[in-house]
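Quick look at run-v7.tsv (TSV, C-alpha atoms):
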```
chain	number	residue	atom	x	y	z
A	1	MET	CA	-31.64	-47.10	22.00
A	2	ALA	CA	-29.14	-46.00	24.67
A	3	ASN	CA	-27.19	-49.14	24.14
A	4	GLY	CA	-27.13	-48.48	20.41
A	5	LEU	CA	-25.73	-44.96	20.89
A	6	SER	CA	-23.23	-46.17	23.42
A	7	TYR	CA	-22.07	-48.81	20.95
A	8	CYS	CA	-21.69	-46.16	18.21
A	9	PHE	CA	-19.60	-43.89	20.45
A	10	LYS	CA	-17.40	-46.80	21.45
A	11	LEU	CA	-16.93	-47.74	17.81
A	12	LEU	CA	-16.06	-44.14	16.87
A	13	ASN	CA	-13.69	-43.81	19.79
A	14	LYS	CA	-11.97	-47.07	18.93
A	15	ASN	CA	-11.38	-46.02	15.33
A	16	ARG	CA	-10.64	-42.31	15.95
A	17	HIS	CA	-7.08	-42.62	14.63
A	18	ILE	CA	-8.62	-43.44	11.23
A	19	LEU	CA	-11.72	-41.28	11.44
A	20	MET	CA	-10.09	-38.01	12.58
A	21	PRO	CA	-7.84	-37.63	9.49
A	22	VAL	CA	-10.86	-38.45	7.31
A	23	PHE	CA	-12.89	-35.84	9.17
A	24	TYR	CA	-10.18	-33.18	8.75
A	25	PHE	CA	-9.78	-34.05	5.07
A	26	ILE	CA	-13.51	-33.62	4.45
A	27	LEU	CA	-13.53	-30.35	6.45
A	28	LEU	CA	-10.54	-28.95	4.52
A	29	SER	CA	-12.00	-30.01	1.17
A	30	THR	CA	-15.27	-28.31	2.04
A	31	ILE	CA	-13.49	-25.08	3.02
A	32	VAL	CA	-11.42	-25.08	-0.20
A	33	ALA	CA	-14.44	-25.92	-2.35
A	34	CYS	CA	-16.58	-23.21	-0.75
A	35	ARG	CA	-13.96	-20.46	-1.11
A	36	PRO	CA	-15.00	-18.10	-3.92
A	37	GLN	CA	-12.79	-18.39	-6.98
A	38	PRO	CA	-11.29	-15.13	-8.26
A	39	THR	CA	-12.81	-13.67	-11.41
A	40	TYR	CA	-10.63	-12.83	-14.39
A	41	ARG	CA	-12.06	-9.56	-15.64
A	42	GLN	CA	-12.26	-9.15	-19.40
A	43	LEU	CA	-12.53	-5.74	-21.00
A	44	PRO	CA	-15.71	-5.07	-22.97
A	45	GLN	CA	-15.14	-5.68	-26.68
A	46	ASN	CA	-15.87	-2.07	-27.63
A	47	ILE	CA	-12.87	-0.78	-25.64
A	48	GLN	CA	-10.09	0.31	-27.99
A	49	LEU	CA	-6.78	0.21	-26.15
A	50	ARG	CA	-3.65	2.07	-27.10
A	51	ASN	CA	0.00	1.43	-26.24
A	52	GLY	CA	0.94	3.61	-23.27
A	53	ASP	CA	-2.53	3.66	-21.68
A	54	LEU	CA	-2.42	3.48	-17.89
A	55	ALA	CA	-4.14	0.69	-15.96
A	56	PHE	CA	-5.09	1.53	-12.38
A	57	ARG	CA	-6.43	-0.74	-9.69
A	58	MET	CA	-7.31	-0.49	-6.00
A	59	GLY	CA	-5.95	-3.52	-4.19
A	60	ASN	CA	-7.65	-5.85	-1.78
A	61	SER	CA	-4.75	-5.91	0.67
A	62	ILE	CA	-5.29	-5.41	4.39
A	63	GLU	CA	-3.46	-2.10	4.27
A	64	SER	CA	-5.83	-0.84	1.60
A	65	ALA	CA	-8.76	-1.04	3.95
A	66	ALA	CA	-7.38	-1.03	7.47
A	67	VAL	CA	-6.14	2.49	8.02
A	68	ILE	CA	-8.59	5.32	8.30
A	69	THR	CA	-7.33	8.81	7.72
A	70	ALA	CA	-8.70	12.23	7.14
A	71	ASP	CA	-9.88	12.24	3.57
A	72	ARG	CA	-11.08	8.97	2.09
A	73	SER	CA	-11.60	9.92	-1.53
A	74	THR	CA	-10.48	6.52	-2.72
A	75	THR	CA	-8.79	6.33	-6.05
A	76	PHE	CA	-6.18	3.70	-6.79
A	77	SER	CA	-3.22	2.05	-5.08
A	78	HIS	CA	-1.46	0.54	-8.10
A	79	VAL	CA	-0.75	1.41	-11.71
A	80	GLY	CA	0.76	-0.27	-14.75
A	81	ILE	CA	1.25	0.58	-18.42
A	82	ILE	CA	-0.47	-1.13	-21.33
A	83	VAL	CA	1.63	-2.64	-24.11
A	84	PHE	CA	0.73	-4.74	-27.12
A	85	THR	CA	3.14	-7.63	-27.44
A	86	ASN	CA	3.00	-11.33	-28.33
A	87	ASP	CA	-0.27	-10.73	-30.21
A	88	ASN	CA	-2.07	-9.61	-27.09
A	89	TRP	CA	-2.57	-6.64	-24.78
A	90	HIS	CA	-0.53	-6.83	-21.57
A	91	ILE	CA	0.15	-4.65	-18.56
A	92	VAL	CA	3.75	-4.06	-17.52
A	93	HIS	CA	3.95	-3.20	-13.85
A	94	ALA	CA	6.13	-3.28	-10.74
A	95	VAL	CA	4.52	-4.90	-7.73
A	96	PRO	CA	5.76	-6.68	-4.60
A	97	GLY	CA	4.44	-10.03	-3.44
A	98	GLU	CA	3.18	-11.43	-6.74
A	99	ALA	CA	6.31	-13.30	-7.82
A	100	GLU	CA	6.41	-17.07	-8.20
A	101	LYS	CA	7.17	-18.86	-4.95
A	102	GLY	CA	10.83	-18.34	-4.01
A	103	ALA	CA	11.45	-15.93	-6.90
A	104	GLN	CA	12.47	-12.30	-6.54
A	105	ASP	CA	10.02	-9.46	-7.08
A	106	THR	CA	11.01	-8.45	-10.60
A	107	MET	CA	8.87	-6.36	-12.91
A	108	LYS	CA	5.86	-8.19	-14.26
A	109	MET	CA	3.93	-8.39	-17.48
A	110	ASP	CA	0.40	-9.70	-16.96
A	111	THR	CA	-2.54	-10.13	-19.25
A	112	ILE	CA	-5.33	-7.66	-18.61
A	113	PRO	CA	-7.70	-10.23	-17.03
A	114	LEU	CA	-4.93	-11.33	-14.65
A	115	PHE	CA	-3.98	-7.76	-13.70
A	116	PHE	CA	-7.61	-6.95	-12.91
A	117	ARG	CA	-8.37	-10.31	-11.27
A	118	SER	CA	-10.96	-9.84	-8.54
A	119	ASP	CA	-8.65	-10.90	-5.70
A	120	ARG	CA	-6.15	-8.24	-6.77
A	121	ALA	CA	-8.48	-5.41	-7.71
A	122	ARG	CA	-11.65	-4.22	-6.11
A	123	LYS	CA	-11.75	-1.24	-8.45
A	124	CYS	CA	-10.27	-0.97	-11.96
A	125	ALA	CA	-9.77	1.73	-14.55
A	126	ILE	CA	-7.90	2.50	-17.74
A	127	TYR	CA	-6.89	6.06	-18.52
A	128	ARG	CA	-5.25	7.68	-21.54
A	129	LEU	CA	-2.75	10.52	-21.55
A	130	PRO	CA	-3.50	13.39	-23.93
A	131	VAL	CA	-0.46	12.76	-26.12
A	132	PRO	CA	-0.09	11.51	-29.71
A	133	ASP	CA	-0.11	7.74	-30.33
A	134	SER	CA	3.56	7.83	-31.34
A	135	ILE	CA	4.63	9.36	-27.99
A	136	ALA	CA	2.49	6.96	-25.92
A	137	GLY	CA	3.84	4.08	-28.03
A	138	LYS	CA	7.43	5.06	-27.26
A	139	ALA	CA	6.63	5.22	-23.54
A	140	ALA	CA	5.14	1.72	-23.75
A	141	LYS	CA	8.30	0.51	-25.51
A	142	SER	CA	10.45	1.99	-22.73
A	143	ALA	CA	8.34	0.15	-20.16
A	144	LEU	CA	8.78	-3.08	-22.11
A	145	ASP	CA	12.55	-2.51	-22.13
A	146	PHE	CA	12.50	-2.10	-18.32
A	147	TYR	CA	10.53	-5.33	-18.05
A	148	ARG	CA	12.95	-7.23	-20.29
A	149	ARG	CA	15.83	-6.07	-18.10
A	150	ARG	CA	14.10	-7.92	-15.22
A	151	LEU	CA	14.40	-4.92	-12.90
A	152	LEU	CA	13.65	-5.62	-9.26
A	153	PHE	CA	10.82	-4.00	-7.30
A	154	ASP	CA	12.17	-0.88	-5.58
A	155	THR	CA	11.50	-1.45	-1.89
A	156	ALA	CA	13.18	1.87	-1.03
A	157	PHE	CA	10.76	3.75	-3.31
A	158	ASN	CA	13.65	5.81	-4.64
A	159	LEU	CA	12.42	7.67	-7.71
A	160	GLU	CA	15.88	8.59	-8.95
A	161	ASP	CA	17.40	5.09	-8.88
A	162	THR	CA	16.37	3.45	-12.16
A	163	THR	CA	17.98	0.10	-11.37
A	164	GLN	CA	14.87	-0.81	-9.35
A	165	MET	CA	11.34	0.46	-9.74
A	166	TYR	CA	8.05	0.77	-7.93
A	167	CYS	CA	4.74	1.05	-9.76
A	168	THR	CA	4.51	4.80	-10.26
A	169	GLU	CA	8.25	5.09	-10.83
A	170	LEU	CA	7.94	2.79	-13.84
A	171	ILE	CA	5.28	5.02	-15.41
A	172	TYR	CA	7.25	8.15	-14.48
A	173	HIS	CA	10.44	6.93	-16.18
A	174	ALA	CA	8.69	5.37	-19.19
A	175	TYR	CA	7.14	8.75	-20.02
A	176	LYS	CA	10.21	10.70	-18.92
A	177	GLN	CA	12.09	8.96	-21.74
A	178	VAL	CA	9.80	10.75	-24.19
A	179	GLY	CA	10.05	14.09	-22.38
A	180	ILE	CA	6.81	13.98	-20.39
A	181	ASP	CA	6.62	14.40	-16.61
A	182	VAL	CA	3.47	12.47	-15.71
A	183	SER	CA	3.87	13.42	-12.03
A	184	GLY	CA	3.46	17.13	-12.72
A	185	GLY	CA	6.33	17.63	-10.28
A	186	ARG	CA	4.37	16.24	-7.34
A	187	ARG	CA	6.42	14.56	-4.61
A	188	HIS	CA	5.76	13.25	-1.09
A	189	THR	CA	8.44	12.77	1.54
A	190	ILE	CA	7.67	10.81	4.70
A	191	PRO	CA	9.13	12.34	7.87
A	192	GLY	CA	12.03	10.21	9.06
A	193	PHE	CA	12.58	8.62	5.65
A	194	PRO	CA	14.66	9.52	2.61
A	195	TYR	CA	13.60	9.72	-1.07
A	196	PRO	CA	10.45	11.57	-2.08
A	197	MET	CA	7.77	9.44	-3.73
A	198	VAL	CA	5.23	9.84	-6.52
A	199	TRP	CA	1.87	8.19	-5.90
A	200	PRO	CA	-0.68	6.74	-8.32
A	201	SER	CA	-3.07	9.52	-7.31
A	202	ASP	CA	-0.47	12.08	-8.47
A	203	LEU	CA	-0.80	10.79	-12.02
A	204	LEU	CA	-4.55	11.31	-11.89
A	205	LYS	CA	-4.22	14.79	-10.39
A	206	SER	CA	-1.46	15.97	-12.67
A	207	ASN	CA	-2.74	15.06	-16.11
A	208	GLN	CA	-5.82	15.64	-18.19
A	209	LEU	CA	-6.35	11.90	-18.35
A	210	GLU	CA	-9.18	10.52	-20.44
A	211	LEU	CA	-11.13	7.72	-18.82
A	212	ILE	CA	-11.33	4.73	-21.17
A	213	TRP	CA	-12.86	2.12	-18.87
A	214	TYR	CA	-13.92	1.86	-15.24
A	215	LEU	CA	-15.21	-1.00	-13.11
A	216	GLU	CA	-16.09	-1.10	-9.41
B	1	MET	CA	-15.47	2.96	51.16
B	2	LYS	CA	-16.77	6.34	49.95
B	3	LYS	CA	-13.20	7.58	49.57
B	4	LEU	CA	-12.33	4.52	47.54
B	5	ILE	CA	-15.33	5.05	45.23
B	6	SER	CA	-14.45	8.75	44.81
B	7	PHE	CA	-10.85	7.86	44.01
B	8	LEU	CA	-11.88	5.22	41.48
B	9	SER	CA	-14.39	7.61	39.86
B	10	ILE	CA	-11.75	10.31	39.45
B	11	ALA	CA	-9.29	7.74	38.10
B	12	VAL	CA	-11.83	6.46	35.56
B	13	ILE	CA	-12.72	10.01	34.43
B	14	ALA	CA	-9.03	10.93	34.12
B	15	ILE	CA	-8.28	7.81	32.08
B	16	ALA	CA	-11.31	8.46	29.87
B	17	MET	CA	-10.24	12.08	29.28
B	18	VAL	CA	-6.71	11.05	28.35
B	19	GLY	CA	-8.11	8.26	26.19
B	20	CYS	CA	-10.49	10.58	24.35
B	21	GLY	CA	-7.83	13.19	23.67
B	22	GLY	CA	-5.33	10.50	22.82
B	23	SER	CA	-1.90	11.04	21.41
B	24	THR	CA	-3.22	13.26	18.62
B	25	ALA	CA	-4.46	15.95	20.99
B	26	THR	CA	-1.26	17.98	20.57
B	27	PRO	CA	1.22	18.42	17.70
B	28	SER	CA	4.04	16.91	19.80
B	29	GLY	CA	1.80	14.04	20.88
B	30	THR	CA	1.08	13.12	17.27
B	31	VAL	CA	4.71	13.35	16.17
B	32	ASP	CA	5.83	11.40	19.23
B	33	ALA	CA	3.24	8.68	18.54
B	34	TYR	CA	4.25	8.58	14.86
B	35	TYR	CA	7.95	8.11	15.62
B	36	THR	CA	7.20	5.61	18.40
B	37	ALA	CA	5.18	3.49	15.94
B	38	LEU	CA	8.08	3.67	13.45
B	39	GLU	CA	10.51	2.52	16.14
B	40	LYS	CA	8.26	-0.42	16.96
B	41	GLY	CA	7.93	-1.33	13.28
B	42	ASP	CA	4.15	-0.84	13.46
B	43	PHE	CA	3.91	0.86	10.08
B	44	GLU	CA	0.15	0.74	9.68
B	45	LYS	CA	-0.16	2.58	12.97
B	46	ALA	CA	2.52	5.08	11.92
B	47	VAL	CA	0.63	5.78	8.70
B	48	SER	CA	-2.55	6.35	10.68
B	49	TYR	CA	-0.89	9.51	12.08
B	50	ILE	CA	-0.23	10.86	8.56
B	51	LYS	CA	-2.68	13.05	6.68
B	52	VAL	CA	-3.35	11.31	3.41
B	53	SER	CA	-5.67	12.87	0.89
B	54	ASP	CA	-6.41	9.62	-0.92
B	55	GLU	CA	-7.01	6.18	0.54
B	56	GLY	CA	-5.24	4.64	-2.44
B	57	ASP	CA	-1.98	6.19	-1.26
B	58	ILE	CA	-2.04	4.33	2.06
B	59	PRO	CA	-0.80	0.94	0.79
B	60	VAL	CA	1.95	2.75	-1.09
B	61	LEU	CA	3.00	4.52	2.10
B	62	VAL	CA	2.93	1.32	4.18
B	63	GLY	CA	4.83	-0.45	1.39
B	64	LYS	CA	7.54	2.19	1.48
B	65	LEU	CA	7.97	1.89	5.26
B	66	GLU	CA	8.03	-1.93	5.08
B	67	GLY	CA	10.42	-1.88	2.14
B	68	MET	CA	12.86	0.44	3.87
B	69	SER	CA	12.64	-1.72	6.98
B	70	GLN	CA	13.54	-4.81	4.94
B	71	LYS	CA	16.58	-2.95	3.66
B	72	GLY	CA	17.68	-2.42	7.29
B	73	TYR	CA	16.54	1.20	7.61
B	74	VAL	CA	15.62	1.74	11.25
B	75	VAL	CA	14.38	4.71	13.23
B	76	LYS	CA	16.15	3.77	16.44
B	77	SER	CA	14.99	6.56	18.74
B	78	HIS	CA	13.72	10.10	18.73
B	79	LYS	CA	13.40	13.11	20.96
B	80	ILE	CA	10.90	15.96	20.61
B	81	LEU	CA	12.87	19.21	20.83
B	82	SER	CA	10.25	21.89	20.36
B	83	GLU	CA	6.74	22.65	19.16
B	84	THR	CA	5.47	25.77	17.43
B	85	ILE	CA	1.78	26.27	16.73
B	86	ALA	CA	0.91	28.78	13.99
B	87	GLU	CA	-1.35	31.76	14.71
B	88	ASP	CA	-4.26	30.10	12.90
B	89	GLY	CA	-4.12	27.28	15.45
B	90	GLU	CA	-4.54	24.77	12.62
B	91	ASN	CA	-0.91	24.17	11.69
B	92	ALA	CA	2.23	23.51	13.65
B	93	THR	CA	5.83	22.40	13.35
B	94	VAL	CA	7.63	20.01	15.65
B	95	GLU	CA	11.41	19.80	15.84
B	96	VAL	CA	12.58	16.20	16.23
B	97	GLU	CA	15.98	14.70	16.86
B	98	GLU	CA	16.06	11.32	15.09
B	99	VAL	CA	18.59	8.54	15.54
B	100	ILE	CA	18.59	6.53	12.33
B	101	ILE	CA	20.37	3.47	10.98
B	102	GLU	CA	20.32	3.75	7.19
B	103	GLU	CA	21.13	0.12	6.40
B	104	ALA	CA	21.88	-3.12	8.18
B	105	GLY	CA	25.26	-2.96	9.89
B	106	ALA	CA	25.66	0.81	9.45
B	107	GLU	CA	26.44	3.23	12.27
B	108	ALA	CA	23.53	5.10	13.80
B	109	THR	CA	23.37	8.75	12.81
B	110	THR	CA	21.63	11.61	14.59
B	111	GLN	CA	19.84	14.33	12.70
B	112	THR	CA	17.35	17.06	13.45
B	113	SER	CA	14.27	17.48	11.31
B	114	THR	CA	11.13	19.57	11.25
B	115	THR	CA	7.84	17.73	11.01
B	116	LYS	CA	4.79	19.68	9.90
B	117	VAL	CA	1.44	18.80	11.39
B	118	THR	CA	-2.07	20.02	10.71
B	119	LYS	CA	-5.36	19.79	12.54
B	120	VAL	CA	-8.03	17.62	10.94
B	121	ASP	CA	-11.35	17.16	12.74
B	122	GLY	CA	-9.73	18.10	16.04
B	123	LYS	CA	-6.80	15.70	15.60
B	124	TRP	CA	-3.26	16.69	14.76
B	125	LEU	CA	-1.88	14.70	11.82
B	126	VAL	CA	1.59	14.56	10.28
B	127	LEU	CA	1.92	16.23	6.88
B	128	LEU	CA	4.06	14.80	4.13
B	129	PHE	CA	6.31	17.37	2.52
```

Using the file provided, produce a representation of the structure as structure tokens.
Amino acid sequence: MANGLSYCFKLLNKNRHILMPVFYFILLSTIVACRPQPTYRQLPQNIQLRNGDLAFRMGNSIESAAVITADRSTTFSHVGIIVFTNDNWHIVHAVPGEAEKGAQDTMKMDTIPLFFRSDRARKCAIYRLPVPDSIAGKAAKSALDFYRRRLLFDTAFNLEDTTQMYCTELIYHAYKQVGIDVSGGRRHTIPGFPYPMVWPSDLLKSNQLELIWYLE
Amino acid sequence: MKKLISFLSIAVIAIAMVGCGGSTATPSGTVDAYYTALEKGDFEKAVSYIKVSDEGDIPVLVGKLEGMSQKGYVVKSHKILSETIAEDGENATVEVEEVIIEEAGAEATTQTSTTKVTKVDGKWLVLLF
């Protein structure tokens, strides 16, 4: 028995240059195979969307969960605007870090299941502004125009510079074009930094938004 | 030996007291810790000194600080000038002299600003304005 084991170890040791890569390949394949695949979330069929509806999500990023502060009434960390184009509902939004490899962070237009994919959203909602369809439709068209201009993500978070946009800024300017201030005048300036910001939570606080769909 | 034990005990208690109070025990301490984190580029830590009413706003805040940093915006140094605590004992203002570089390659500029802080659960936190 001992001789048998000893022979096996010798054999393994002798062929380790072949066996180790095989071992690592199997290990890596197992890890990849066991990793949960993200879920593409479909809206229920009874949900009637409208151009200009707002799509909110709470991200899964480290920052979203790591910092603990005073009041943790979690709402959402990202927002986009819903547009109907190319025979399908899409969400136009400005987000960093989701561009193709090597590409710049320009504005994006994702399908709804992709926008709400489980690895990007741990909480999802769609809200509607209390404005006529025609007004919301024009805001959606403005957002689509911004998207077609391939505007870059605004890393300075400068609300007044419309050559680049961050998520809330896109919604703010899309509705500003039709004379509506979705921020309700709310601004936040960080000590030591220029340019006041508008946050996704400001949109929820400032408007009589109607909840269309929610998933957590 | 007894003296050594007494000394070590006092040292441990002192460290524990400072540790429990931490940098947020005073308005100046919070503002100093906030600016120090900014200078080190530790933006998550900097944001932890800010009073945020909604957790969803935190990634947006961190994103702003990271974005500005990528553009070359740097808080190079700071100096606490004064601290004024309001009569209610719950709010305060801290005067800060900031040395800032607004973009890569630009000259550093010095400016004075007032940072508002408020007490939350016994900790002083920076208020956005």

### Message
Quick one: residues within 7 Å of range 82-99 of chain A, all atoms listed in the file, excluding same-chain residues fewer than 4 positions away - as a PyMOL selection string?
### Response
chain A and resi 51-55+103-105+107-112+140+143-144+147+153+165-167

Please report, as a Markdown table, each residue of chain B lying at most 9 Å from chain A, together with the nearest pair of atoms and the separation in Å rounded to one decimal; use only C-alpha atoms, and order rows by chain and ascending residue number.
```
| residue | atom | partner | partner_atom | distance |
| --- | --- | --- | --- | --- |
| B:Tyr35 | CA | A:Gly192 | CA | 8.0 |
| B:Leu38 | CA | A:Gly192 | CA | 8.8 |
| B:Glu44 | CA | A:Val67 | CA | 6.7 |
| B:Lys45 | CA | A:Val67 | CA | 7.8 |
| B:Val47 | CA | A:Val67 | CA | 7.6 |
| B:Ser48 | CA | A:Val67 | CA | 5.9 |
| B:Tyr49 | CA | A:Thr69 | CA | 7.8 |
| B:Ile50 | CA | A:Thr69 | CA | 7.4 |
| B:Lys51 | CA | A:Ala70 | CA | 6.1 |
| B:Val52 | CA | A:Thr69 | CA | 6.4 |
| B:Ser53 | CA | A:Asp71 | CA | 5.0 |
| B:Asp54 | CA | A:Ser73 | CA | 5.2 |
| B:Glu55 | CA | A:Thr74 | CA | 4.8 |
| B:Gly56 | CA | A:Ser77 | CA | 4.2 |
| B:Asp57 | CA | A:Ser77 | CA | 5.8 |
| B:Ile58 | CA | A:Ser64 | CA | 6.4 |
| B:Pro59 | CA | A:Glu63 | CA | 5.3 |
| B:Val60 | CA | A:Ser77 | CA | 6.6 |
| B:Leu61 | CA | A:Ile190 | CA | 8.3 |
| B:Val62 | CA | A:Glu63 | CA | 7.2 |
| B:Gly63 | CA | A:Thr155 | CA | 7.5 |
| B:Lys64 | CA | A:Phe157 | CA | 6.0 |
| B:Leu65 | CA | A:Phe193 | CA | 8.2 |
| B:Glu66 | CA | A:Thr155 | CA | 7.8 |
| B:Gly67 | CA | A:Thr155 | CA | 4.2 |
| B:Met68 | CA | A:Ala156 | CA | 5.1 |
| B:Ser69 | CA | A:Ala156 | CA | 8.8 |
| B:Gln70 | CA | A:Thr155 | CA | 7.9 |
| B:Lys71 | CA | A:Ala156 | CA | 7.5 |
| B:Tyr73 | CA | A:Phe193 | CA | 8.6 |
| B:Val75 | CA | A:Gly192 | CA | 7.3 |
| B:Glu98 | CA | A:Gly192 | CA | 7.3 |
| B:Ile100 | CA | A:Gly192 | CA | 8.2 |
| B:Ser113 | CA | A:Gly192 | CA | 7.9 |
| B:Thr114 | CA | A:Pro191 | CA | 8.2 |
| B:Thr115 | CA | A:Pro191 | CA | 6.4 |
| B:Lys116 | CA | A:Pro191 | CA | 8.8 |
| B:Val120 | CA | A:Ala70 | CA | 6.6 |
| B:Asp121 | CA | A:Ala70 | CA | 7.9 |
| B:Leu125 | CA | A:Ala70 | CA | 8.6 |
| B:Val126 | CA | A:Pro191 | CA | 8.2 |
| B:Leu127 | CA | A:Ile190 | CA | 8.2 |
| B:Leu128 | CA | A:Ile190 | CA | 5.4 |
| B:Phe129 | CA | A:Thr189 | CA | 5.2 |
```

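In this model, the gap between CA of Tyr175 in chain A and CA of Leu203 in chain A comes to 11.5 Å.
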
### Query
Which neighbours of Glu102 in chain B fall inside 8 Å, counting only C-alpha atoms, when residues of the same chain fewer than 6 positions from it are skipped, and could you give them as a PyMOL selection string?
chain B and resi 72-74+108

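Omitting range 131-133 of chain A and its sequence neighbours fewer than 6 positions away, and counting all atoms listed in the file, the residues within 12 Å are Leu49, Arg50, Asn51, Gly52, Asp53, Ala139, Ala140, Tyr175, Val178, Gly179, Ile180, Asp181, Val182, Asn207, Gln208, Leu209 and Glu210 of chain A.
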
### Query
Between CA of Leu151 in chain A and CA of Leu170 in chain A, what is the spacing in Å?
10.1 Å

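For the set B:Ala25, B:Ala104, B:Asn91, B:Lys76, the residue with the smallest atom-to-atom gap to Ala37 in chain B is B:Lys76, counting only C-alpha atoms.
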
### Message
So the first atom is CA of Glu39 in chain B and the second is CA of Ser77 in chain B; what is the distance between them in Å, to one decimal place?
### Response
6.6 Å

Kindly write all heavy atoms of range 159-165 of chain A from the structure just given to a file, as a PDB file, in the first residue's frame.
```
ATOM      1  N   LEU A 159     -23.312  70.800 -13.507  1.00  0.00           N
ATOM      2  CA  LEU A 159     -24.692  70.836 -13.996  1.00  0.00           C
ATOM      3  C   LEU A 159     -24.883  71.826 -15.143  1.00  0.00           C
ATOM      4  O   LEU A 159     -25.766  71.646 -15.984  1.00  0.00           O
ATOM      5  CB  LEU A 159     -25.616  71.202 -12.823  1.00  0.00           C
ATOM      6  CG  LEU A 159     -27.111  71.056 -13.026  1.00  0.00           C
ATOM      7  CD1 LEU A 159     -27.497  69.605 -13.240  1.00  0.00           C
ATOM      8  CD2 LEU A 159     -27.868  71.630 -11.840  1.00  0.00           C
ATOM      9  N   GLU A 160     -24.076  72.871 -15.169  1.00  0.00           N
ATOM     10  CA  GLU A 160     -24.297  73.928 -16.154  1.00  0.00           C
ATOM     11  C   GLU A 160     -23.609  73.662 -17.483  1.00  0.00           C
ATOM     12  O   GLU A 160     -23.926  74.290 -18.486  1.00  0.00           O
ATOM     13  CB  GLU A 160     -23.813  75.279 -15.579  1.00  0.00           C
ATOM     14  CG  GLU A 160     -24.501  75.672 -14.279  1.00  0.00           C
ATOM     15  CD  GLU A 160     -26.034  75.622 -14.366  1.00  0.00           C
ATOM     16  OE1 GLU A 160     -26.583  75.976 -15.422  1.00  0.00           O
ATOM     17  OE2 GLU A 160     -26.675  75.187 -13.386  1.00  0.00           O
ATOM     18  N   ASP A 161     -22.660  72.740 -17.523  1.00  0.00           N
ATOM     19  CA  ASP A 161     -21.925  72.455 -18.757  1.00  0.00           C
ATOM     20  C   ASP A 161     -22.636  71.322 -19.501  1.00  0.00           C
ATOM     21  O   ASP A 161     -22.534  70.159 -19.123  1.00  0.00           O
ATOM     22  CB  ASP A 161     -20.479  72.061 -18.400  1.00  0.00           C
ATOM     23  CG  ASP A 161     -19.719  71.569 -19.617  1.00  0.00           C
ATOM     24  OD1 ASP A 161     -20.183  71.806 -20.748  1.00  0.00           O
ATOM     25  OD2 ASP A 161     -18.664  70.939 -19.434  1.00  0.00           O
ATOM     26  N   THR A 162     -23.332  71.669 -20.574  1.00  0.00           N
ATOM     27  CA  THR A 162     -24.142  70.653 -21.271  1.00  0.00           C
ATOM     28  C   THR A 162     -23.354  69.899 -22.344  1.00  0.00           C
ATOM     29  O   THR A 162     -23.936  69.131 -23.105  1.00  0.00           O
ATOM     30  CB  THR A 162     -25.377  71.306 -21.921  1.00  0.00           C
ATOM     31  OG1 THR A 162     -24.935  72.386 -22.741  1.00  0.00           O
ATOM     32  CG2 THR A 162     -26.353  71.808 -20.887  1.00  0.00           C
ATOM     33  N   THR A 163     -22.049  70.089 -22.381  1.00  0.00           N
ATOM     34  CA  THR A 163     -21.252  69.324 -23.353  1.00  0.00           C
ATOM     35  C   THR A 163     -20.932  67.932 -22.804  1.00  0.00           C
ATOM     36  O   THR A 163     -20.527  67.041 -23.537  1.00  0.00           O
ATOM     37  CB  THR A 163     -19.936  70.039 -23.695  1.00  0.00           C
ATOM     38  OG1 THR A 163     -19.156  70.164 -22.501  1.00  0.00           O
ATOM     39  CG2 THR A 163     -20.187  71.412 -24.280  1.00  0.00           C
ATOM     40  N   GLN A 164     -21.064  67.764 -21.499  1.00  0.00           N
ATOM     41  CA  GLN A 164     -20.892  66.461 -20.856  1.00  0.00           C
ATOM     42  C   GLN A 164     -22.010  66.327 -19.815  1.00  0.00           C
ATOM     43  O   GLN A 164     -22.472  67.343 -19.293  1.00  0.00           O
ATOM     44  CB  GLN A 164     -19.536  66.371 -20.161  1.00  0.00           C
ATOM     45  CG  GLN A 164     -18.363  66.539 -21.123  1.00  0.00           C
ATOM     46  CD  GLN A 164     -17.010  66.331 -20.427  1.00  0.00           C
ATOM     47  OE1 GLN A 164     -16.944  66.214 -19.216  1.00  0.00           O
ATOM     48  NE2 GLN A 164     -15.963  66.289 -21.216  1.00  0.00           N
ATOM     49  N   MET A 165     -22.384  65.103 -19.536  1.00  0.00           N
ATOM     50  CA  MET A 165     -23.507  64.947 -18.602  1.00  0.00           C
ATOM     51  C   MET A 165     -23.331  63.780 -17.642  1.00  0.00           C
ATOM     52  O   MET A 165     -22.768  62.756 -18.012  1.00  0.00           O
ATOM     53  CB  MET A 165     -24.803  64.738 -19.377  1.00  0.00           C
ATOM     54  CG  MET A 165     -25.234  65.982 -20.117  1.00  0.00           C
ATOM     55  SD  MET A 165     -26.961  65.978 -20.465  1.00  0.00           S
ATOM     56  CE  MET A 165     -27.071  67.538 -21.359  1.00  0.00           C
TER      57      MET A 165
END
```
